[in-house]
Amino acid sequence: MFILYIFILLIIFAIISLFVKKQRWAVATAESAIILILTVIYALSRFYNYTGGLISTGSYPIDKSIGISFSYGIDGLSVALLFLTTVIMFVAIYMSKVESFDRRFFGLMLFTEVGLYGLLISRNFLFFYVFWEVIIIPVFVMIALFGGEGRERASLKFFVYTQIGSVLLLLSIMTLFAYYGSAYNVFTLNMSTLLNPAFITKEITDKVPFWTDFLLFGFFFAFLVKMPSFPLHSWLPDAYTVSPYPLTIVLSGAISLMGGYGFFGVLMPIAGVISPSVAWFIIGLGIFSLVYFALTAMFQTNTKKMMSYASAASMGFILIAFGDGLIATSINSFTSYAGGIYQILAHGLIMGLVFASLYLIKNRTGTDSNLSVSGLWRDLPYISGFFLAGVMASLGLPGLAGFISEASIVLSSYYVLGFIIFFIIFGMIITASYHVWAVQKTLNGPFTEKLGKLRDANASEILILSFLFILILLLGVYPNLFFAPILSFVKGVV
């Protein structure tokens, strides 16, 4: 019940932020901090001895005749992603102090958090879909209102791609709803009821096999758009680059988790109906996305765009983990699934640190280009240090969060992929290459004197960057803090 109170409080905070003119940044930051603290307290108290399954469940019927109710509940997956969501939103709003945004921006940011929070706690497909849409609208508006040059095109592209995915998602949900009602004369949108492999196999696969393919295609398309994955990534370079930096932090750290949550929260429970050929296709798509985005990032002259492609490349590991988990057996399957979920968590925090650091660099130098500045270590040692830390975490340096997830995925995948794993290694080598090159070109070398004297991070900026880095370090040296409940969740589902 407490998680529902937090959610209601978040809705109230979002409404308040739309009307606060003076001290709008301070109010929004305080609100997001309160939600973060309450979520962490709740997670620590309820997940200390978590062994799998849903907890804190509840349901409020709205229309029993067609199975509509506001059902909520959280598990090891959703608590990890709730933590990530609240951290990312707090950091993004905090970093908004660098520029002067009006109250609409902060209200829309908090409504984005409302959508993410609602999505992660919903156990009824109607509200799952409603919150899926709630997330899209404020992000679209923020890109259109507060983005840079080309924001109209970028916002429209984002909206079109995500809405096509949303329509297919809705059709898949309605397919499950209709077939369950036809088979049992009971209409329900309860996720646990509809995500039943026995029901899907008996009532859909055996009777009309084509509809199972359609069902999976709708889910796959919607989730791949959000990650984003090749070839549904075309909105990414425009949206990430044009968006103001705080929104880019949200896009890479929070919006991308929607796709991962879809795979592990919606599709993993029905893994039994996904054929091995589809699993191999998912693995191939993940490997191709990893290599393709890594190669694309290597040729970028805009650091923000480079790291945007780096973010998409990292999400390729999630597809590899999911596909591998479908094929692998026993402990390898568990490790692969858990590694994929951990990658969502690590990726969000790492990209948050990278884009927050780049935001401060852009604010000081006035450019996103990695070819027009160099030698930033001289005047910006703190900002440069945090950017270096984020880049090292992104390429999977041992001791940091990214290493745990990538190592789990690569090691568990070896037993399924065999020599194919060298394509993953190739992608990782390319990733390391352009990360190191970006650091070498931007931070080292002779200082670009035309920039004049630059001001390094102040105390509050160092504090927020340190907060992110400490979390990345903590998840790297003590992964069981989240890996244990994630693994318990996976075992409970699989």
# chains A, B, ... in the order shown; residues from 1 in each chain; ligands from 1
call {"tool": "residues_around", "arguments": {"residues": "Tyr342 in chain A", "least_positions_apart": "5", "cutoff": "9 Å", "atoms": "only C-alpha atoms", "output": "PyMOL selection string"}}
result
chain A and resi 80+337+347+401-402+404-406+479+482-483+486
call {"tool": "write_last_selection", "arguments": {"atoms": "N, CA and C atoms", "output": "PDB file, in the first residue's frame"}}
result
ATOM      1  N   ALA A  80      14.145  -2.542  -8.911  1.00  0.00           N
ATOM      2  CA  ALA A  80      15.426  -2.070  -9.440  1.00  0.00           C
ATOM      3  C   ALA A  80      15.214  -0.911 -10.407  1.00  0.00           C
ATOM      4  N   TYR A 337      19.560 -13.764 -18.043  1.00  0.00           N
ATOM      5  CA  TYR A 337      18.424 -12.869 -17.787  1.00  0.00           C
ATOM      6  C   TYR A 337      18.789 -11.812 -16.747  1.00  0.00           C
ATOM      7  N   HIS A 347      23.447   0.715 -17.187  1.00  0.00           N
ATOM      8  CA  HIS A 347      23.448   1.627 -18.336  1.00  0.00           C
ATOM      9  C   HIS A 347      22.811   2.965 -17.990  1.00  0.00           C
ATOM     10  N   ALA A 401      29.916  -0.622 -12.479  1.00  0.00           N
ATOM     11  CA  ALA A 401      28.667  -1.361 -12.691  1.00  0.00           C
ATOM     12  C   ALA A 401      28.584  -2.030 -14.056  1.00  0.00           C
ATOM     13  N   GLY A 402      29.078  -1.366 -15.088  1.00  0.00           N
ATOM     14  CA  GLY A 402      28.979  -1.919 -16.430  1.00  0.00           C
ATOM     15  C   GLY A 402      29.700  -3.239 -16.591  1.00  0.00           C
ATOM     16  N   ILE A 404      30.001  -5.695 -14.400  1.00  0.00           N
ATOM     17  CA  ILE A 404      29.219  -6.795 -13.830  1.00  0.00           C
ATOM     18  C   ILE A 404      28.184  -7.298 -14.823  1.00  0.00           C
ATOM     19  N   SER A 405      27.443  -6.394 -15.411  1.00  0.00           N
ATOM     20  CA  SER A 405      26.379  -6.794 -16.337  1.00  0.00           C
ATOM     21  C   SER A 405      26.951  -7.395 -17.618  1.00  0.00           C
ATOM     22  N   GLU A 406      27.949  -6.736 -18.207  1.00  0.00           N
ATOM     23  CA  GLU A 406      28.504  -7.233 -19.456  1.00  0.00           C
ATOM     24  C   GLU A 406      29.226  -8.563 -19.262  1.00  0.00           C
ATOM     25  N   PRO A 479      27.708  -5.897  -6.207  1.00  0.00           N
ATOM     26  CA  PRO A 479      26.565  -6.082  -7.114  1.00  0.00           C
ATOM     27  C   PRO A 479      25.368  -6.780  -6.479  1.00  0.00           C
ATOM     28  N   PHE A 482      21.702  -5.375  -5.764  1.00  0.00           N
ATOM     29  CA  PHE A 482      20.589  -5.484  -6.707  1.00  0.00           C
ATOM     30  C   PHE A 482      20.558  -6.819  -7.434  1.00  0.00           C
ATOM     31  N   PHE A 483      21.735  -7.422  -7.626  1.00  0.00           N
ATOM     32  CA  PHE A 483      21.772  -8.668  -8.396  1.00  0.00           C
ATOM     33  C   PHE A 483      21.008  -9.787  -7.680  1.00  0.00           C
ATOM     34  N   ILE A 486      17.234  -9.331  -8.184  1.00  0.00           N
ATOM     35  CA  ILE A 486      16.976  -9.546  -9.619  1.00  0.00           C
ATOM     36  C   ILE A 486      17.020 -11.033  -9.932  1.00  0.00           C
TER      37      ILE A 486
END
call {"tool": "select_by_dssp", "arguments": {"residues": "range 196-410 of chain A", "states": "alpha helix (DSSP H)", "output": "ChimeraX atom specification"}}
result
/A:197-200,209-226,235-242,245-250,257-261,276-298,303-327,330-365,381-394,401-410
call {"tool": "residues_around", "arguments": {"residues": "Gly272 in chain A", "least_positions_apart": "2", "cutoff": "10 Å", "atoms": "only C-alpha atoms", "output": "list in words"}}
result
Asn196, Pro197, Ala198, Ile200, Thr201, Leu267, Met268, Pro269, Ile270, Ile274, Ser275, Pro276, Leu326 and Val494 of chain A
call {"tool": "write_last_selection", "arguments": {"atoms": "C-alpha atoms", "output": "PDB file, in the first residue's frame"}}
result
ATOM      1  CA  ASN A 196       0.241 -17.445 -18.986  1.00  0.00           C
ATOM      2  CA  PRO A 197       2.146 -19.723 -21.420  1.00  0.00           C
ATOM      3  CA  ALA A 198      -0.405 -22.533 -20.961  1.00  0.00           C
ATOM      4  CA  ILE A 200      -1.397 -18.791 -24.975  1.00  0.00           C
ATOM      5  CA  THR A 201      -0.315 -22.239 -26.186  1.00  0.00           C
ATOM      6  CA  LEU A 267       7.827 -11.328 -22.534  1.00  0.00           C
ATOM      7  CA  MET A 268       9.966 -13.333 -20.105  1.00  0.00           C
ATOM      8  CA  PRO A 269       6.900 -14.844 -18.351  1.00  0.00           C
ATOM      9  CA  ILE A 270       5.744 -16.228 -21.734  1.00  0.00           C
ATOM     10  CA  ILE A 274       8.859 -18.017 -28.110  1.00  0.00           C
ATOM     11  CA  SER A 275      10.497 -20.379 -30.591  1.00  0.00           C
ATOM     12  CA  PRO A 276      14.287 -20.955 -30.755  1.00  0.00           C
ATOM     13  CA  LEU A 326      15.455 -18.185 -24.045  1.00  0.00           C
ATOM     14  CA  VAL A 494      11.503 -18.930 -15.163  1.00  0.00           C
TER      15      VAL A 494
END
call {"tool": "residues_around", "arguments": {"residues": "range 122-131 of chain A", "least_positions_apart": "3", "cutoff": "8 Å", "atoms": "only C-alpha atoms", "output": "list in words"}}
result
Ile68, Ser69, Phe70, Ser71, Tyr72, Gly73, Val114, Gly115, Leu116, Gly118, Leu119, Val134, Ile135, Ser166, Leu169, Leu170, Ile173, Leu189, Asn190, Met191 and Ser192 of chain A
call {"tool": "closest_residue", "arguments": {"among": "A:Val439, A:Ala393, A:Leu463, A:Ala321", "to": "Ile282 in chain A", "atoms": "only C-alpha atoms"}}
result
A:Ala321
call {"tool": "atom_distance", "arguments": {"atom1": "CA of Thr296 in chain A", "atom2": "CA of Asn444 in chain A"}}
result
23.2 Å
call {"tool": "residues_around", "arguments": {"residues": "Ile137 in chain A", "least_positions_apart": "2", "cutoff": "10 Å", "atoms": "only C-alpha atoms", "output": "ChimeraX atom specification"}}
result
/A:108,111-112,115,132-135,139-142,159
call {"tool": "write_last_selection", "arguments": {"atoms": "N, CA and C atoms", "output": "compact mmCIF listing (two decimals), in the first residue's frame"}}
result
# COMPACT_ATOMS: atom_id res chain seq x y z
N LEU A 108 6.45 18.95 -16.72
CA LEU A 108 6.49 17.87 -17.70
C LEU A 108 7.48 16.78 -17.29
N PHE A 111 5.76 14.73 -14.69
CA PHE A 111 4.71 13.89 -15.28
C PHE A 111 5.33 12.72 -16.05
N THR A 112 6.51 12.92 -16.60
CA THR A 112 7.24 11.79 -17.19
C THR A 112 7.56 10.76 -16.12
N GLY A 115 4.50 8.76 -15.30
CA GLY A 115 4.27 7.70 -16.27
C GLY A 115 5.17 6.50 -16.05
N TRP A 132 2.17 3.95 -20.41
CA TRP A 132 3.09 3.92 -21.56
C TRP A 132 2.89 5.17 -22.42
N GLU A 133 1.63 5.55 -22.62
CA GLU A 133 1.32 6.74 -23.39
C GLU A 133 1.61 8.02 -22.62
N VAL A 134 1.38 8.00 -21.31
CA VAL A 134 1.64 9.18 -20.47
C VAL A 134 3.10 9.60 -20.56
N ILE A 135 3.98 8.64 -20.71
CA ILE A 135 5.41 8.95 -20.82
C ILE A 135 5.72 9.64 -22.14
N VAL A 139 7.40 13.92 -23.03
CA VAL A 139 8.71 13.92 -23.69
C VAL A 139 8.61 14.59 -25.05
N PHE A 140 7.57 14.27 -25.80
CA PHE A 140 7.34 14.91 -27.11
C PHE A 140 7.23 16.42 -26.96
N VAL A 141 6.46 16.87 -25.98
CA VAL A 141 6.27 18.31 -25.77
C VAL A 141 7.58 18.98 -25.36
N MET A 142 8.36 18.34 -24.49
CA MET A 142 9.63 18.94 -24.05
C MET A 142 10.61 19.08 -25.20
N PHE A 159 7.66 11.05 -31.92
CA PHE A 159 6.25 10.76 -31.69
C PHE A 159 5.73 9.71 -32.66
call {"tool": "select_by_dssp", "arguments": {"residues": "range 38-256 of chain A", "states": "strand (DSSP E)", "output": "ChimeraX atom specification"}}
result
/A:55-63,68-74
call {"tool": "closest_residue", "arguments": {"among": "A:Leu471, A:Ile16, A:Ile255, A:Val98", "to": "Lys362 in chain A", "atoms": "only C-alpha atoms"}}
result
A:Val98
call {"tool": "residues_around", "arguments": {"residues": "Val167 in chain A", "least_positions_apart": "3", "cutoff": "10 Å", "atoms": "only C-alpha atoms", "output": "number ranges by chain"}}
result
A: 129, 162-164, 170-173, 218, 221-222
call {"tool": "residues_around", "arguments": {"residues": "Ile55 in chain A", "least_positions_apart": "6", "cutoff": "12 Å", "atoms": "only C-alpha atoms", "output": "VMD selection string"}}
result
chain A and resid 1 to 3 42 to 43 45 to 47 49 72 to 79 121 123 489
call {"tool": "closest_residue", "arguments": {"among": "A:Tyr48, A:Gly352, A:Gly148, A:Pro61", "to": "Phe467 in chain A", "atoms": "only C-alpha atoms"}}
result
A:Gly352
call {"tool": "closest_residue", "arguments": {"among": "A:Leu475, A:Thr365, A:Ile287, A:Gly340", "to": "Phe422 in chain A", "atoms": "only C-alpha atoms"}}
result
A:Ile287
call {"tool": "atom_distance", "arguments": {"atom1": "CA of Ala14 in chain A", "atom2": "CA of Lys157 in chain A"}}
result
26.1 Å
call {"tool": "atom_distance", "arguments": {"atom1": "CA of Met428 in chain A", "atom2": "CA of Leu411 in chain A"}}
result
13.8 Å
